[in-house]
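Reviewing the structure listed below.
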Amino acid sequence: MTAPAPGPSGPRLPRRSRAGFRLAFTLAARNARRAPGRSFLIAVLVALPVIGLAGAATVGLSMVGSPAQTAQAQLGHMAASMQMMSNHVRQTATSAYPDGYGELTPTDPTTWLPSDWRVVPISPTGVYLRTAHGVAEISATAGRSWDPAFRGRFDLLSGHAPRGAVEILASPSALARLGARVGDTVRTPDATSYRIVGTMLDRTSDPRTPTVFGGRTAFSGLGPDPTLWTYYLAGPAVTLADIHDFNRHGAFVLSLAATAPYTSADLFSAADGIIWSYAAMIGMVGGFMLFEVALLAGAGFLVGARQEQRALAVLASVGADRRLLSRSVAVGGIVIGALGALGGITIGVGLAAIYMAVSRTGSTMQYYTFGVSPVALGLIALVAVFASWIAAAVPGRTASRFDVVSALRGARRPPRPSRLAPALGVVVMLVGIGIAVVGGILTLVLQRAGDWRLGWLGPTLIAVGSIVLELGAILGVPVLLRAVARLGARNASARMATRDLARNSARAVPAVAAVMSTIFVAAFLMAALSGGERQSEASYLYQAPLGDVAVSFSVPDPAQPLTDVSSYRATLERVLGVRSVRTIEGRPRPARDTAATRRRRRRRARPWRPSGRMPPHVTA
Amino acid sequence: MTAATNEPLLRLDGVSMHYGHGATSVIALAGVDLTVERGELVAIMGASGSGKSTLLTIAGGLTRPTGGEVVVEGRWLSELDARQLATLRRRTLGFVFQDFNLVPALTAIENVSLPLELDGWKLRKARRAARDALNVVELAERANHFPDDLSGGQQQRVAIARAVVGGRSLILADEPTGALDSTTGEMVLRMLRARVDAGAGGILVTHDPRHAAWADRIVFLRDGRIVGSSETESVEALARRSA
Amino acid sequence: MTVRNSLLALLGERPHYGYELRQEFEARTGSTWPLNIGQIYTTLDRLQRDGLVADAGADAEGRRQWSITAAGRAEAERWLASPVERPAQGRDELAMKLAIAATLPGVDLAAIIQAQREATARTLQDLTRAKVAGGDPSSPEELAWLLVVDSMIFQAEAEIRWLDHSEERIRRSDLRTGGRVPASRAAARTEARR
């Protein structure tokens with residue numbers, strides 16, 4: 001025998017992979033078109049989470065204004081606003097924090113502010129007014145909100161600016177609430193009377209909230225305490241240098257000029273842990289949905305690959321290698337996934353537009369823009385296509401490993417389950433548990449440390465870990481199915497069903513996995529929610545000893561304390577059937593310091609910190 | 001391409017094929033020797049289970065024999081890996097099966113140009129070669145039809161065009177007329193014969209003596225062994241005799 | 001008999017002279033059955049004697065023309081319309097050989113069958129070759145010739161199929177009896193088939 005001739009490998013062909021990809025794409029697209037029902041179903045599967053994610057992303061991003069947008073909305077044509085703190089402040093254009101150099105006495109900025117700026121102090125407060133049906137507590141804005149520089153923030157709709165402390169403006173909803181018209185006079189329970197001289201809207205608030213607007217001294221209970229007021233500056237632009245100057249006086253400054261260069265992306269990077277936590281939550285739920293989609297769509301692609309088995313065999317017989325075979329199935333995932341993602345994004349954005357149109361109140365701070373972010377949507381589409389591709393790649397790999405000859409004859413033997421898979425499954429499961437535990441510990445540590453910047457990391461690790469855990473469990477499913485089949489069932493049809501499942505585990509595994517991941521998401525959410533509940537119970541602030549009832553009354557004017565306390569006592573004894581009633585009377589210091597104003601101040605000082613759970617509060 | 005000049009197009013040396021092991025072992029082929037030259041069509045006849053289809057898939061490198069050697073254009077198939085076998089199928093061999101020869105998602109011309117495109121031909125060049133091949137089987141006007149829109153005979157003719165496109169030299173046909181009626185089958189055989197007469201070599205596996213008769217040589221297979229063969233005279237000799 | 005009826009059918013078309021008849025016959029049957037001119041004239045004489053053809057005189061070149069009579073036309077039509085009776089049995093040497101061989105000890109039936117199969121296959125290949133080598137299949141002569149060749153092809157095919165069938169039958173019988181078929185039973189079976 002002579003030496004064997006060299007094989008036909010020849011030189012490597014650079015064009016082959018491109019031709020291969022073109023062929024794979026053609027095949028995938030045509031196959032998708034040839035089975036429109038299945039393709040549509042898979043595309044819908046992909047589209048569903050994409051609709052949700054794209055919609056949520058669009059609505060969410062619409063609600064996040066850039067620093068300049070939020071400043072613009074709050075300032076109107078004012079140059080800046082200032083809030084006075086009782087300590088030194090160090091701030092950037094977008095965030096402020098106490099610098100820890102000790103307390104200082106808040107001052108009225110007019111005492112130190114250069115005369116370049118005209119100062120308009122404004123404070124939100126409340127006022128009790130008689131309506132046709134009784135007394136209502138109505139939001140009130142004290143200060144010259146009708147200043148022309150407030151155009152865009154406070155807009156005078158009709159009438160004229162109030163003169164003195166007896167004239168006020170009302171929002172149209174306040175007119176309706178009070179049952180009054182412009183020109184009417186309304187009274188407080190203590191017989192102070194106001195004349196409504198026009199209508200006005202605070203553009204940053206929901207126009208359905210009744211609000212009245214009066215001068216700085218129109219409403220009782222607001223002292224000169226500088227921390228209660230927001231000082232708006234009309235005049236030249238307030239630069240960052242000015243801001244740092246003002247900071248030394250304990251002022252937190254919001255300036256249009258200083259925020260203009262910042263975008264919403266900066267806002268995201270600017271230490272906004274809450275937003276990141278929300279994003280992580282949405283990402284996790286969305287990720288799980290896509291994971292489930294990948295599993296279910298994978299079953300769809302598997303059926304498709306089975307149907308194409310003969311065509312794949314023909315391809316192999318004309319010299320297609322394994323890579324092309326698996327690719328022609330996998331590319332189907334990209335094609336259908338792209339269609340589903342595109343459709344999902346279109347529908348999601350459309351639904352977001354509809355939702356926003358329906359829920360829009362007219363407040364300028366509700367939706368800043370129509371937040372269609374190509375980056376966010378592109379990312380969602382990319383993830384969806386990726387999931388779909390993975391869903392198709394697995395059956396694609398299986399489809400490429402077959403006996404060409406028997407496939408050509410139409411015979412197909414299910415592949416034998418791997419012996420390695422269960423062992424690998426256990427390892428993968430352990431790795432998943434490890435990742436999830438690390439994520440959990442990290443979450444705890446970060447929470448203790450109060451660092452919100454990495455708030456997304458813990459949940460993400462938990463999600464990744466549990467997905468890995470599930471993948472490990474999936475590897476073990478065929479073994480589990482076979483064990484169930486071996487156990488056998490009494491009932492013949494049940495026995496047949498379990499045997500069939502065990503034999504064709506590729507068909508059953510995606511379904512089992514999908515159920516598994518659904519249960520996982522449900523269990524995770526339930527655990528998270530009940531954990532949150534437990535935490536809030538643990539941190540519950542008791543307002544009274546157990547078994548006691550505390551009822552508090554607040555009065556609009558400290559000058560006129562409650563007179564008939566004894567009658568209230570009698571009523572309470574009768575209604576609640578309590579053994580004894582004790583009265584505790586508290587008088588505020590010069591400026592009335594109610595729980596509400598304390599809260600408000602806290603919120604101002606740390607704008608992004610969520611308010612805690614409020615204790616039950618009874619107000620008569 | 002370094003085919004020895006005196007090598008036949010296809011040579012099977014003592015090819016045997018066993019399925020399974022020990023007591024349950026099934027012998028499909030037991031030492032088959034066979035050569036196919038260029039311009040020669042060899043028919044393999046035998047009852048079902050005689051091993052004729054196995055012989056064909058072994059000759060095409062789809063099945064590895066358990067014994068013996070297959071040499072295609074001087075290349076020993078046992079020396080080739082899966083990728084090289086795929087290349088061989090793209091460049092040298094063409095299969096024609098009883099049915100389901102075509103990829104249903106591709107048009108006739110795409111099916112024919114498939115092996116060329118897989119082999120890295122420029123698309124335009126591959127399509128031109130495919131169109132020529134379709135012309136030869138008289139299906140040029142059906143080039144853009146999908147297999148579902150073609151009759152069984154037309155599908156087989158497309159398959160033959162694909163088997164020979166791009167100068168591929170060895171046609172391996174497994175009952176190519178099995179699913180066709182008699183006259184359509186004859187037309188397909190006529191095409192096959194024409195491609196062989198134009199210089200290709202071919203193996204035609206069939207159980208129909210009338211179809212086998214289109215071959216230059218009929219090899220009879222029984223229980224995995226060749227039990228005889230019959231060779232026709234050349235057309236010239238035939239003409240001389242009848243003169 | 002067959003030649004007689006064929007000539008009669010040809011004359012039904014138009015008058016012919018003897019040599020012309022032979023050409024026509026051979027062209028239309030693809031020269032499958034060569035006739036000598038003497039056989040033509042003998043047949044024509046017999047047809048004239050039976051009153052089926054008549055002497056139509058000489059043509060311009062002095063060749064003797066023959067035309068069909070009314071009786072002859074009726075006879076030709078009857079021939080075309082009636083099925084051909086094949087000899088029911090006998091003279092089938094191959095069947096006879098196999099039947100005898102099956103009863104003889106020490107004879108390799110499979111080898112006999114294989115030898116016959118190869119011979120018949122060769123005939124079949126030759127016929128197919130001849131058919132493929134033919135001219136334009138749309139001309140009437142070519143069509144006539146194709147019909148004849150096909151008839152022979154199908155007969156050869158039938159013989160091979162019968163050989164396959166017989167081989168299978170013998171193989172089964174061998175499996176059942178573990179060897180030679182008893183002469184009496186084989187004979188009885190052969191008889192039954194006839």
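Labels used: A, B, ... for chains in the order of the structure tokens, numbers from 1 for residues in each chain, and numbers from 1 for ligands as shown.
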
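The strand (DSSP E) portion of range 41-155 of chain B consists of B:Leu41, B:Val42, B:Ala43, B:Ile44, B:Met45, B:Gly67, B:Gly68, B:Glu69, B:Val70, B:Val71, B:Val72, B:Arg75, B:Trp76, B:Leu93, B:Gly94, B:Phe95, B:Val96, with states taken from DSSP on the backbone.
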
With N, CA, C and O atoms retained, could you export that selection as an mmCIF file, in the first residue's frame?
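File written: out.cif
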data_model
loop_
_atom_site.group_PDB
_atom_site.id
_atom_site.type_symbol
_atom_site.label_atom_id
_atom_site.label_comp_id
_atom_site.auth_asym_id
_atom_site.auth_seq_id
_atom_site.Cartn_x
_atom_site.Cartn_y
_atom_site.Cartn_z
ATOM 1 N N LEU B 41 -21.453 3.892 -14.457
ATOM 2 C CA LEU B 41 -22.550 3.840 -13.494
ATOM 3 C C LEU B 41 -22.693 2.399 -13.037
ATOM 4 O O LEU B 41 -22.872 1.499 -13.864
ATOM 5 N N VAL B 42 -22.555 2.181 -11.752
ATOM 6 C CA VAL B 42 -22.647 0.837 -11.201
ATOM 7 C C VAL B 42 -23.934 0.735 -10.388
ATOM 8 O O VAL B 42 -24.176 1.563 -9.505
ATOM 9 N N ALA B 43 -24.748 -0.245 -10.734
ATOM 10 C CA ALA B 43 -25.967 -0.451 -9.960
ATOM 11 C C ALA B 43 -25.716 -1.525 -8.914
ATOM 12 O O ALA B 43 -24.999 -2.483 -9.172
ATOM 13 N N ILE B 44 -26.261 -1.302 -7.728
ATOM 14 C CA ILE B 44 -26.182 -2.323 -6.691
ATOM 15 C C ILE B 44 -27.587 -2.851 -6.490
ATOM 16 O O ILE B 44 -28.510 -2.088 -6.174
ATOM 17 N N MET B 45 -27.760 -4.138 -6.687
ATOM 18 C CA MET B 45 -29.077 -4.745 -6.506
ATOM 19 C C MET B 45 -29.023 -5.744 -5.374
ATOM 20 O O MET B 45 -28.002 -6.358 -5.115
ATOM 21 N N GLY B 67 -14.541 -2.416 8.916
ATOM 22 C CA GLY B 67 -13.357 -3.037 8.352
ATOM 23 C C GLY B 67 -13.193 -2.618 6.906
ATOM 24 O O GLY B 67 -14.134 -2.172 6.258
ATOM 25 N N GLY B 68 -11.960 -2.741 6.391
ATOM 26 C CA GLY B 68 -11.732 -2.408 5.000
ATOM 27 C C GLY B 68 -11.477 -0.927 4.809
ATOM 28 O O GLY B 68 -11.419 -0.164 5.760
ATOM 29 N N GLU B 69 -11.324 -0.545 3.570
ATOM 30 C CA GLU B 69 -10.937 0.822 3.271
ATOM 31 C C GLU B 69 -11.734 1.361 2.086
ATOM 32 O O GLU B 69 -12.036 0.625 1.150
ATOM 33 N N VAL B 70 -12.114 2.608 2.186
ATOM 34 C CA VAL B 70 -12.770 3.290 1.067
ATOM 35 C C VAL B 70 -11.802 4.340 0.542
ATOM 36 O O VAL B 70 -11.240 5.108 1.313
ATOM 37 N N VAL B 71 -11.580 4.339 -0.749
ATOM 38 C CA VAL B 71 -10.668 5.305 -1.348
ATOM 39 C C VAL B 71 -11.433 6.094 -2.397
ATOM 40 O O VAL B 71 -11.968 5.529 -3.352
ATOM 41 N N VAL B 72 -11.546 7.390 -2.193
ATOM 42 C CA VAL B 72 -12.246 8.249 -3.144
ATOM 43 C C VAL B 72 -11.217 9.169 -3.772
ATOM 44 O O VAL B 72 -10.540 9.918 -3.065
ATOM 45 N N ARG B 75 -8.040 9.263 -2.028
ATOM 46 C CA ARG B 75 -7.984 9.629 -0.609
ATOM 47 C C ARG B 75 -8.607 8.524 0.236
ATOM 48 O O ARG B 75 -9.709 8.072 -0.044
ATOM 49 N N TRP B 76 -7.873 8.128 1.249
ATOM 50 C CA TRP B 76 -8.378 7.094 2.140
ATOM 51 C C TRP B 76 -9.314 7.735 3.150
ATOM 52 O O TRP B 76 -8.896 8.582 3.933
ATOM 53 N N LEU B 93 -18.403 14.362 -3.700
ATOM 54 C CA LEU B 93 -19.532 13.432 -3.723
ATOM 55 C C LEU B 93 -20.849 14.171 -3.799
ATOM 56 O O LEU B 93 -20.984 15.275 -3.290
ATOM 57 N N GLY B 94 -21.822 13.517 -4.404
ATOM 58 C CA GLY B 94 -23.175 14.033 -4.327
ATOM 59 C C GLY B 94 -24.140 12.909 -4.047
ATOM 60 O O GLY B 94 -24.091 11.869 -4.706
ATOM 61 N N PHE B 95 -24.969 13.118 -3.041
ATOM 62 C CA PHE B 95 -25.956 12.083 -2.713
ATOM 63 C C PHE B 95 -27.289 12.395 -3.384
ATOM 64 O O PHE B 95 -27.685 13.559 -3.496
ATOM 65 N N VAL B 96 -27.980 11.354 -3.803
ATOM 66 C CA VAL B 96 -29.381 11.491 -4.217
ATOM 67 C C VAL B 96 -30.136 10.388 -3.490
ATOM 68 O O VAL B 96 -29.848 9.208 -3.680
#

Could you work out which residues of chain B fall inside 6 Å of chain C? Count only C-alpha atoms, and format the result as a list in words.
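Going by the stated atoms only, the list reads Pro209, Arg210, Ala213, Ser230 and Thr232 of chain B.
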
Can you list, as a PyMOL selection string, all residues belonging to chain C that DSSP tags as helix (DSSP H, G or I)?
chain C and resi 2-13+18-28+37-49+70-81+93-103+109-132+140-177+183-193

To one decimal in Å, tell me the separation between CA of Leu221 in chain B and CA of Thr92 in chain B.
25.2 Å

Excluding Ala159 in chain B and its own-chain neighbours fewer than 4 positions away, which residues fall within 10 Å of it when counting only C-alpha atoms? Please give them as a ChimeraX atom specification.
/B:94-97,99-102,108,111-112,134,137,153-155,163-165,173,176,188

Next, the residues of the selection above should be written as an mmCIF file, in the first residue's frame with N, CA and C atoms.
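As a result, selection15.cif now contains:
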data_model
loop_
_atom_site.group_PDB
_atom_site.id
_atom_site.type_symbol
_atom_site.label_atom_id
_atom_site.label_comp_id
_atom_site.auth_asym_id
_atom_site.auth_seq_id
_atom_site.Cartn_x
_atom_site.Cartn_y
_atom_site.Cartn_z
ATOM 1 N N GLY B 94 -21.822 13.517 -4.404
ATOM 2 C CA GLY B 94 -23.175 14.033 -4.327
ATOM 3 C C GLY B 94 -24.140 12.909 -4.047
ATOM 4 N N PHE B 95 -24.969 13.118 -3.041
ATOM 5 C CA PHE B 95 -25.956 12.083 -2.713
ATOM 6 C C PHE B 95 -27.289 12.395 -3.384
ATOM 7 N N VAL B 96 -27.980 11.354 -3.803
ATOM 8 C CA VAL B 96 -29.381 11.491 -4.217
ATOM 9 C C VAL B 96 -30.136 10.388 -3.490
ATOM 10 N N PHE B 97 -31.061 10.790 -2.631
ATOM 11 C CA PHE B 97 -31.791 9.781 -1.875
ATOM 12 C C PHE B 97 -33.175 9.565 -2.475
ATOM 13 N N ASP B 99 -36.169 10.185 -1.231
ATOM 14 C CA ASP B 99 -36.982 11.393 -1.138
ATOM 15 C C ASP B 99 -36.373 12.294 -0.070
ATOM 16 N N PHE B 100 -36.969 13.429 0.158
ATOM 17 C CA PHE B 100 -36.442 14.424 1.104
ATOM 18 C C PHE B 100 -34.990 14.753 0.801
ATOM 19 N N ASN B 101 -34.709 14.925 -0.491
ATOM 20 C CA ASN B 101 -33.352 15.250 -0.873
ATOM 21 C C ASN B 101 -33.018 16.700 -0.670
ATOM 22 N N LEU B 102 -34.067 17.526 -0.693
ATOM 23 C CA LEU B 102 -33.830 18.966 -0.734
ATOM 24 C C LEU B 102 -34.150 19.578 0.614
ATOM 25 N N ALA B 108 -34.974 25.808 -5.382
ATOM 26 C CA ALA B 108 -34.252 24.809 -6.175
ATOM 27 C C ALA B 108 -32.817 25.264 -6.404
ATOM 28 N N ASN B 111 -30.744 25.202 -3.318
ATOM 29 C CA ASN B 111 -30.379 23.835 -2.971
ATOM 30 C C ASN B 111 -29.192 23.376 -3.793
ATOM 31 N N VAL B 112 -29.221 23.708 -5.086
ATOM 32 C CA VAL B 112 -28.156 23.227 -5.963
ATOM 33 C C VAL B 112 -26.841 23.924 -5.643
ATOM 34 N N LEU B 134 -28.974 23.245 -13.319
ATOM 35 C CA LEU B 134 -30.429 23.124 -13.450
ATOM 36 C C LEU B 134 -30.825 23.087 -14.918
ATOM 37 N N VAL B 137 -30.607 19.603 -16.260
ATOM 38 C CA VAL B 137 -31.722 18.724 -15.918
ATOM 39 C C VAL B 137 -33.059 19.361 -16.327
ATOM 40 N N GLY B 153 -40.549 14.075 -9.359
ATOM 41 C CA GLY B 153 -39.523 13.900 -10.380
ATOM 42 C C GLY B 153 -38.645 15.130 -10.488
ATOM 43 N N GLN B 154 -39.286 16.302 -10.416
ATOM 44 C CA GLN B 154 -38.505 17.537 -10.497
ATOM 45 C C GLN B 154 -37.552 17.646 -9.321
ATOM 46 N N GLN B 155 -38.050 17.251 -8.140
ATOM 47 C CA GLN B 155 -37.184 17.305 -6.953
ATOM 48 C C GLN B 155 -35.948 16.417 -7.142
ATOM 49 N N ALA B 163 -26.060 17.035 -7.101
ATOM 50 C CA ALA B 163 -25.036 16.012 -6.897
ATOM 51 C C ALA B 163 -23.848 16.220 -7.832
ATOM 52 N N VAL B 164 -24.058 16.893 -8.955
ATOM 53 C CA VAL B 164 -22.963 17.014 -9.912
ATOM 54 C C VAL B 164 -22.468 18.439 -10.056
ATOM 55 N N VAL B 165 -23.100 19.378 -9.367
ATOM 56 C CA VAL B 165 -22.757 20.784 -9.593
ATOM 57 C C VAL B 165 -21.313 21.051 -9.161
ATOM 58 N N ALA B 173 -26.479 7.404 -5.502
ATOM 59 C CA ALA B 173 -27.930 7.499 -5.552
ATOM 60 C C ALA B 173 -28.555 6.298 -4.872
ATOM 61 N N PRO B 176 -33.171 6.438 -6.171
ATOM 62 C CA PRO B 176 -33.611 7.793 -6.536
ATOM 63 C C PRO B 176 -34.959 7.786 -7.234
ATOM 64 N N VAL B 188 -35.654 10.605 -14.712
ATOM 65 C CA VAL B 188 -34.597 10.870 -13.726
ATOM 66 C C VAL B 188 -33.362 10.035 -14.038
#

Taking only C-alpha atoms into account and nothing else, which residues of chain B lie no more than 9 Å away from chain A? Please answer as a ChimeraX atom specification.
/B:1-4,54,57,60,62-63,74-77,79-91,93-95,97,99-106,114-115,117-123,162-163

Might you pull out every residue within 10 Å of Trp33 in chain C, with only C-alpha atoms counted and same-chain residues fewer than 5 positions away left off, and present them as a ChimeraX atom specification?
/C:3,25-26

Please list as a PyMOL selection string every residue within 10 Å of Asp59 in chain C, counting only C-alpha atoms and excluding residues in the same chain fewer than 5 positions away.
chain C and resi 16-17+64-65

Set the distance at 7 Å and use only C-alpha atoms: which residues neighbour Gln309 in chain A once local chain neighbours fewer than 4 positions away are removed? I'd like the list as a ChimeraX atom specification.
/A:305,313,399,407

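The space separating CA of Val428 in chain A from CA of Phe291 in chain A comes to 16.7 Å.
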
Contacts of range 480-496 of chain A at 10 Å (only C-alpha atoms; same-chain gap of 3+ positions) as a list of chain:residue names:
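Once the adjacent positions are removed, what remains is A:Pro417, A:Pro422, A:Ala473, A:Ile474, A:Leu475, A:Gly476, A:Val477, A:Arg499, A:Asp500, A:Leu501, A:Ala502, A:Arg503, A:Asn504, A:Ser505, A:Ala508, A:Val509, A:Val512.
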
I need the residue nearest Thr206 in chain B from this list: B:Asp174, B:Glu73, B:Glu141, B:Glu37. Use only C-alpha atoms for the distance.
B:Asp174
